[in-house]
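J.: The following block contains the structure, expressed as structure tokens.
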Protein chains: 2
Amino acid sequence: MAISIFIVDDHYMVIEGIRSLFQHEKNVVWLGHATNAASCLAFLKQQLPDIILLDINLPDKSGIDLCKEIKTLYPTVCVIGLSTFNQQSFIEKMMANGASGYVLKNATQKELMDSFETVMKGRAYLSHEVAQMLRSNEAADDAPVLTRREKEVLELIAEGLTNNEMAEKLFVSASTIDTHRKNLLMKLNAKNTAELVKLALIKKLISFS
Amino acid sequence: MAISIFIVDDHYMVIEGIRSLFQHEKNVVWLGHATNAASCLAFLKQQLPDIILLDINLPDKSGIDLCKEIKTLYPTVCVIGLSTFNQQSFIEKMMANGASGYVLKNATQKELMDSFETVMKGRAYLSHEVAQMLRSNEAADDAPVLTRREKEVLELIAEGLTNNEMAEKLFVSASTIDTHRKNLLMKLNAKNTAELVKLALIKKLISFS
DNA sequence: AATCATATCCCCGAAAAACATGAATTTCAT
DNA sequence: ATGAAATTCATGTTTTTCGGGGATATGATT
């Protein structure tokens, strides 16, 4: 039995690329494509494919959110995430939102066929590269929970403010800042400010710039 | 007169996508494709296209380096950079290495045709989105040059070592470390250690973990 | 021969951070 | 309303960093 697929991606080249990969494949039926979330949802009201290939980058909405909506509205549809790079956080969110698989855009026809067959059997599929990356990266999602104030102080520390400067800025005494600082060192298990800032950036507790 | 093109990209979908976009275009002749730098260079020994569409992500070599090599060996060939995202640093490096243009992979057939014609006339072509982004982003790639020793010390600072600990580890006196430290603060224009570590991570002078 | 970058070392004093200990107050969810 | 968590503040001591200096040695460059 043929597998029907629908693709959502704002890259014409990707759409054409996949269409071309499967145009002579009898087991795969190309139902169409959408270049944004809105027209994807509109299409699904008319017709349900077996599999949706869903890019994580769309102009009007993230593919991650769209995935969730699709799975809520049409739980039987299999969604396969599509992305150029294997960014762990995206993959995790995509799978958490009900995706059945995740393949990179450098996938071969065979790999894609594989992914279709696997998810149609109800199992999850991850590109070889993706699976490998995820394994090698059990790195910390062990970010401690910081309070509102601690986050503020952490940001200011990374900007190079001293306790006195922060105290002035936040209208509290320097002792208070000192306490927050000590708690931050404890929570992040850092030996000193230098390590604190590094860990904070790694764990994405503060953002760049 | 028809324009001959050759594409280098490790994404099958992109190759197929572009091929399909131009398969009925009489003014464009598809000479072939390569999925890595080595086979690209091998092809060019046999035949020279007018335009090479060059992905910035290749398995064996960065497209940026490959671009430089190509322009050194065959200065008459026009290289157009290809990328999914518009990352300013890549674009700048690509153009600095002699590329004639830069287009995003979500380009339409028309946009690509446009880029071909523009670069064939000897002018540079940037995707609309890319040009816009570059304008809005004159942010700094002003990473200072650090000496071998300074990099070592910087790494250790970020790991949370004190001057004494570093001195022991590097078999020098604490005074030496102190000097390096001061020089680092100067070079990165940081107010203190906290800002130093943050800037070092932003400017990729030290890597995560 | 003179210059430059790098790396090494030293001293001083002021400023800042780290560590310890204790405690009052507000906020908020159960 | 009660208890836990968060925020606030203080007082001290010790360690580390920061900002001025200045000095020597080496090797590459000109």
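Naming works like this for the structure tokens: A, B, ... for the chains as they're shown, residue 1 at the start of each chain, ligands 1 onward in shown order.
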Excluding segment 19-34 of chain A and any residue of its chain fewer than 3 positions from it, enumerate the residues within 8 Å of it, using only C-alpha atoms (C1' of nucleotides), and give them as a list in words.
T.: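 These residues fall inside the cut-off: Met1, Ala2, Ile3, Ser4, Ile5, Phe6, Ile7, Val8, Asp9, Asp10, Ile15, Glu16, Ala37, Ser39, Cys40, Pro49 and Gln109 of chain A; Met13, Glu16, Gly17 and Ser20 of chain B.
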J.: What does the file look like for those residues with N, CA, C and O atoms, as a short mmCIF file (atom, residue, chain, number, x, y, z; two decimals), in the first residue's frame?
T.:
data_model
loop_
_atom_site.label_atom_id
_atom_site.label_comp_id
_atom_site.auth_asym_id
_atom_site.auth_seq_id
_atom_site.Cartn_x
_atom_site.Cartn_y
_atom_site.Cartn_z
N MET A 1 0.84 -1.20 0.00
CA MET A 1 0.00 0.00 0.00
C MET A 1 0.87 1.25 0.00
O MET A 1 1.85 1.34 0.73
N ALA A 2 0.48 2.17 -0.84
CA ALA A 2 1.29 3.38 -0.99
C ALA A 2 1.17 4.28 0.23
O ALA A 2 0.14 4.33 0.90
N ILE A 3 2.23 5.00 0.50
CA ILE A 3 2.27 5.95 1.60
C ILE A 3 2.08 7.35 1.03
O ILE A 3 2.78 7.74 0.11
N SER A 4 1.12 8.08 1.58
CA SER A 4 0.91 9.44 1.08
C SER A 4 1.67 10.43 1.95
O SER A 4 1.63 10.35 3.18
N ILE A 5 2.35 11.34 1.29
CA ILE A 5 3.15 12.32 2.05
C ILE A 5 2.80 13.74 1.64
O ILE A 5 2.34 14.01 0.53
N PHE A 6 3.01 14.62 2.60
CA PHE A 6 2.78 16.05 2.39
C PHE A 6 3.97 16.77 3.02
O PHE A 6 4.44 16.38 4.09
N ILE A 7 4.44 17.80 2.36
CA ILE A 7 5.64 18.46 2.89
C ILE A 7 5.39 19.92 3.19
O ILE A 7 4.70 20.62 2.43
N VAL A 8 5.89 20.35 4.31
CA VAL A 8 5.78 21.75 4.72
C VAL A 8 7.18 22.30 4.91
O VAL A 8 7.92 21.89 5.81
N ASP A 9 7.54 23.23 4.04
CA ASP A 9 8.89 23.80 4.09
C ASP A 9 8.86 25.07 3.26
O ASP A 9 8.24 25.13 2.22
N ASP A 10 9.53 26.09 3.76
CA ASP A 10 9.52 27.34 3.00
C ASP A 10 10.67 27.41 2.00
O ASP A 10 10.88 28.44 1.37
N ILE A 15 11.51 21.36 -1.23
CA ILE A 15 10.28 20.78 -1.73
C ILE A 15 10.53 20.08 -3.05
O ILE A 15 10.19 18.90 -3.23
N GLU A 16 11.16 20.80 -3.96
CA GLU A 16 11.43 20.21 -5.27
C GLU A 16 12.37 19.02 -5.15
O GLU A 16 12.24 18.04 -5.86
N ALA A 37 2.68 27.58 7.80
CA ALA A 37 1.81 26.83 8.70
C ALA A 37 0.34 26.98 8.32
O ALA A 37 -0.43 26.01 8.33
N SER A 39 -1.22 27.57 5.43
CA SER A 39 -1.70 26.81 4.28
C SER A 39 -1.58 25.31 4.52
O SER A 39 -2.32 24.52 3.94
N CYS A 40 -0.70 24.94 5.40
CA CYS A 40 -0.62 23.53 5.78
C CYS A 40 -1.91 23.12 6.47
O CYS A 40 -2.53 22.12 6.12
N PRO A 49 -2.74 13.25 4.88
CA PRO A 49 -1.70 12.35 4.40
C PRO A 49 -1.33 11.35 5.49
O PRO A 49 -1.72 11.51 6.63
N GLN A 109 17.60 9.27 -0.43
CA GLN A 109 16.28 8.75 -0.73
C GLN A 109 16.02 7.50 0.12
O GLN A 109 14.95 7.33 0.68
N MET B 13 18.59 16.68 -1.34
CA MET B 13 17.34 17.40 -1.61
C MET B 13 17.60 18.72 -2.29
O MET B 13 16.85 19.14 -3.15
N GLU B 16 18.64 18.04 -5.95
CA GLU B 16 17.47 17.67 -6.74
C GLU B 16 16.52 18.85 -6.90
O GLU B 16 15.90 19.03 -7.93
N GLY B 17 16.43 19.63 -5.85
CA GLY B 17 15.54 20.78 -5.90
C GLY B 17 15.96 21.77 -6.96
O GLY B 17 15.15 22.21 -7.79
N SER B 20 15.57 20.38 -10.48
CA SER B 20 14.18 20.40 -10.92
C SER B 20 13.72 21.80 -11.27
O SER B 20 12.94 22.00 -12.21
#
J.: Just the number, please: Cα RMSD of chain B on chain A after least-squares superposition over all C-alpha atoms matched in order.
T.: 1.4 Å
J.: Neighbouring residues of DC10 of chain C were defined as those with any atom within 10 Å, considering only C-alpha atoms (C1' of nucleotides); residues of the same chain fewer than 4 positions away were excluded. Please report them as a list in words.
T.: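 Contacts, in chain order: Ser175 and Thr176 of chain B; DG22 and DA23 of chain D.
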J.: Could you write out as a list of chain:residue names the residues of chain B within 12 Å of chain C, counting only C-alpha atoms (C1' of nucleotides)?
T.: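 The answer, sorted by residue number, is B:Leu146, B:Thr147, B:Arg148, B:Arg149, B:Glu150, B:Thr162, B:Ala167, B:Phe171, B:Val172, B:Ser173, B:Ala174, B:Ser175, B:Thr176, B:Ile177, B:Asp178, B:Thr179, B:His180, B:Asn183, B:Lys191, B:Asn192, B:Thr193, B:Ala194.
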J.: Would you compute the distance between atom CA of Leu184 of chain B and atom CA of Leu154 of chain B? Give it in Å to one decimal.
T.: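 Between atom CA of Leu184 of chain B and atom CA of Leu154 of chain B the gap is 7.6 Å.
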J.: Run DSSP on the backbone and tell me which residues of segment 58-193 of chain A come out as alpha helix (DSSP H); list them as a PyMOL selection string.
T.: chain A and resi 63-73+88-96+109-120+128-135+148-158+163-170+174-188+193
J.: Pull out every residue of chain D that has at least one atom within 12 Å of chain B, counting only C-alpha atoms (C1' of nucleotides), and report them as a list in words.
T.: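 That gives DT15, DT16, DT17, DC18, DG19 and DG20 of chain D for chain D.
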J.: Find, counting only C-alpha atoms, the residue in B:Leu53, B:Val145, B:Leu104, B:Leu188 that gets nearest to chain A.
T.: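 Using only C-alpha atoms, chain A sits closest to B:Leu104.
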J.: Hey, can you check how far atom CA of Gly122 of chain A sits from atom CA of Val14 of chain B?
T.: 28.5 Å
J.: How far is it from atom CA of Ala158 of chain A to atom CA of Glu92 of chain A, in Å with one decimal?
T.: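 Value for the atom CA of Ala158 of chain A-atom CA of Glu92 of chain A distance: 28.4 Å.
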J.: If you run DSSP over the backbone, which residues in chain A end up strand (DSSP E or B)? Put them as JSON, numbers by chain.
T.: {"A": [3, 4, 5, 6, 7, 8, 28, 29, 30, 31, 32, 33, 34, 51, 52, 53, 54, 55, 78, 79, 80, 81, 82, 83, 101, 102, 103, 104, 125, 126]}
J.: Restricted to N, CA, C and O atoms, what would the selected residues look like written as a tab-separated table (two decimals), in the first residue's frame?
T.:
chain	number	residue	atom	x	y	z
A	3	ILE	N	2.23	5.00	0.50
A	3	ILE	CA	2.27	5.95	1.60
A	3	ILE	C	2.08	7.35	1.03
A	3	ILE	O	2.78	7.74	0.11
A	4	SER	N	1.12	8.08	1.58
A	4	SER	CA	0.91	9.44	1.08
A	4	SER	C	1.67	10.43	1.95
A	4	SER	O	1.63	10.35	3.18
A	5	ILE	N	2.35	11.34	1.29
A	5	ILE	CA	3.15	12.32	2.05
A	5	ILE	C	2.80	13.74	1.64
A	5	ILE	O	2.34	14.01	0.53
A	6	PHE	N	3.01	14.62	2.60
A	6	PHE	CA	2.78	16.05	2.39
A	6	PHE	C	3.97	16.77	3.02
A	6	PHE	O	4.44	16.38	4.09
A	7	ILE	N	4.44	17.80	2.36
A	7	ILE	CA	5.64	18.46	2.89
A	7	ILE	C	5.39	19.92	3.19
A	7	ILE	O	4.70	20.62	2.43
A	8	VAL	N	5.89	20.35	4.31
A	8	VAL	CA	5.78	21.75	4.72
A	8	VAL	C	7.18	22.30	4.91
A	8	VAL	O	7.92	21.89	5.81
A	28	VAL	N	5.14	5.72	-2.89
A	28	VAL	CA	4.96	7.01	-2.24
A	28	VAL	C	4.11	7.93	-3.10
A	28	VAL	O	4.39	8.13	-4.28
A	29	VAL	N	3.05	8.45	-2.50
A	29	VAL	CA	2.17	9.37	-3.23
A	29	VAL	C	2.38	10.79	-2.70
A	29	VAL	O	2.28	11.03	-1.50
A	30	TRP	N	2.66	11.66	-3.60
A	30	TRP	CA	2.93	13.06	-3.27
A	30	TRP	C	1.62	13.83	-3.24
A	30	TRP	O	1.01	14.06	-4.27
A	31	LEU	N	1.18	14.22	-2.07
A	31	LEU	CA	-0.11	14.91	-2.00
A	31	LEU	C	0.02	16.41	-2.22
A	31	LEU	O	-0.95	17.08	-2.58
A	32	GLY	N	1.19	16.95	-1.98
A	32	GLY	CA	1.37	18.39	-2.19
A	32	GLY	C	2.31	18.97	-1.17
A	32	GLY	O	2.99	18.26	-0.45
A	33	HIS	N	2.33	20.28	-1.11
A	33	HIS	CA	3.23	20.94	-0.19
A	33	HIS	C	2.63	22.25	0.30
A	33	HIS	O	1.67	22.75	-0.27
A	34	ALA	N	3.22	22.76	1.36
A	34	ALA	CA	2.85	24.09	1.86
A	34	ALA	C	4.13	24.79	2.24
A	34	ALA	O	5.11	24.15	2.60
A	51	ILE	N	1.88	10.82	6.16
A	51	ILE	CA	3.06	11.41	6.77
A	51	ILE	C	3.20	12.87	6.35
A	51	ILE	O	3.01	13.22	5.19
A	52	ILE	N	3.53	13.71	7.32
A	52	ILE	CA	3.85	15.10	7.03
A	52	ILE	C	5.34	15.32	7.29
A	52	ILE	O	5.81	15.03	8.39
A	53	LEU	N	6.02	15.81	6.29
A	53	LEU	CA	7.43	16.20	6.49
A	53	LEU	C	7.41	17.67	6.85
A	53	LEU	O	6.98	18.51	6.06
A	54	LEU	N	7.89	17.96	8.04
A	54	LEU	CA	7.69	19.30	8.57
A	54	LEU	C	9.01	19.98	8.93
A	54	LEU	O	9.75	19.53	9.81
A	55	ASP	N	9.28	21.05	8.23
A	55	ASP	CA	10.48	21.84	8.52
A	55	ASP	C	10.31	22.53	9.86
A	55	ASP	O	9.20	22.90	10.25
A	78	CYS	N	1.35	10.98	11.00
A	78	CYS	CA	2.74	10.90	11.45
A	78	CYS	C	3.48	12.15	10.99
A	78	CYS	O	3.45	12.49	9.81
A	79	VAL	N	4.14	12.79	11.92
A	79	VAL	CA	4.94	13.96	11.56
A	79	VAL	C	6.42	13.61	11.64
A	79	VAL	O	6.87	13.01	12.62
A	80	ILE	N	7.14	13.96	10.59
A	80	ILE	CA	8.59	13.78	10.62
A	80	ILE	C	9.24	15.15	10.51
A	80	ILE	O	8.99	15.90	9.57
A	81	GLY	N	10.04	15.48	11.50
A	81	GLY	CA	10.74	16.76	11.51
A	81	GLY	C	11.83	16.79	10.46
A	81	GLY	O	12.45	15.77	10.15
A	82	LEU	N	12.05	17.97	9.93
A	82	LEU	CA	12.99	18.14	8.83
A	82	LEU	C	13.86	19.34	9.17
A	82	LEU	O	13.35	20.41	9.46
A	83	SER	N	15.17	19.15	9.12
A	83	SER	CA	16.03	20.29	9.45
A	83	SER	C	17.39	20.14	8.82
A	83	SER	O	17.81	19.03	8.48
A	101	GLY	N	9.42	11.26	13.98
A	101	GLY	CA	10.78	11.10	13.51
A	101	GLY	C	11.43	12.43	13.22
A	101	GLY	O	10.80	13.49	13.31
A	102	TYR	N	12.69	12.35	12.93
A	102	TYR	CA	13.46	13.57	12.67
A	102	TYR	C	14.57	13.21	11.69
A	102	TYR	O	15.41	12.37	11.98
A	103	VAL	N	14.56	13.83	10.53
A	103	VAL	CA	15.62	13.54	9.56
A	103	VAL	C	16.28	14.84	9.11
A	103	VAL	O	15.64	15.91	9.10
A	104	LEU	N	17.52	14.73	8.76
A	104	LEU	CA	18.25	15.88	8.26
A	104	LEU	C	18.01	16.02	6.76
A	104	LEU	O	17.69	15.06	6.08
A	125	TYR	N	11.67	7.35	14.34
A	125	TYR	CA	12.85	7.29	13.48
A	125	TYR	C	13.72	8.52	13.66
A	125	TYR	O	13.23	9.65	13.59
A	126	LEU	N	14.99	8.28	13.89
A	126	LEU	CA	15.94	9.39	13.93
A	126	LEU	C	17.06	9.11	12.93
A	126	LEU	O	17.52	7.97	12.83
J.: Taking only C-alpha atoms into account, which of A:Val153, A:Lys61, A:His11, A:Thr76 comes nearest Lys169 of chain A?
T.: A:Val153
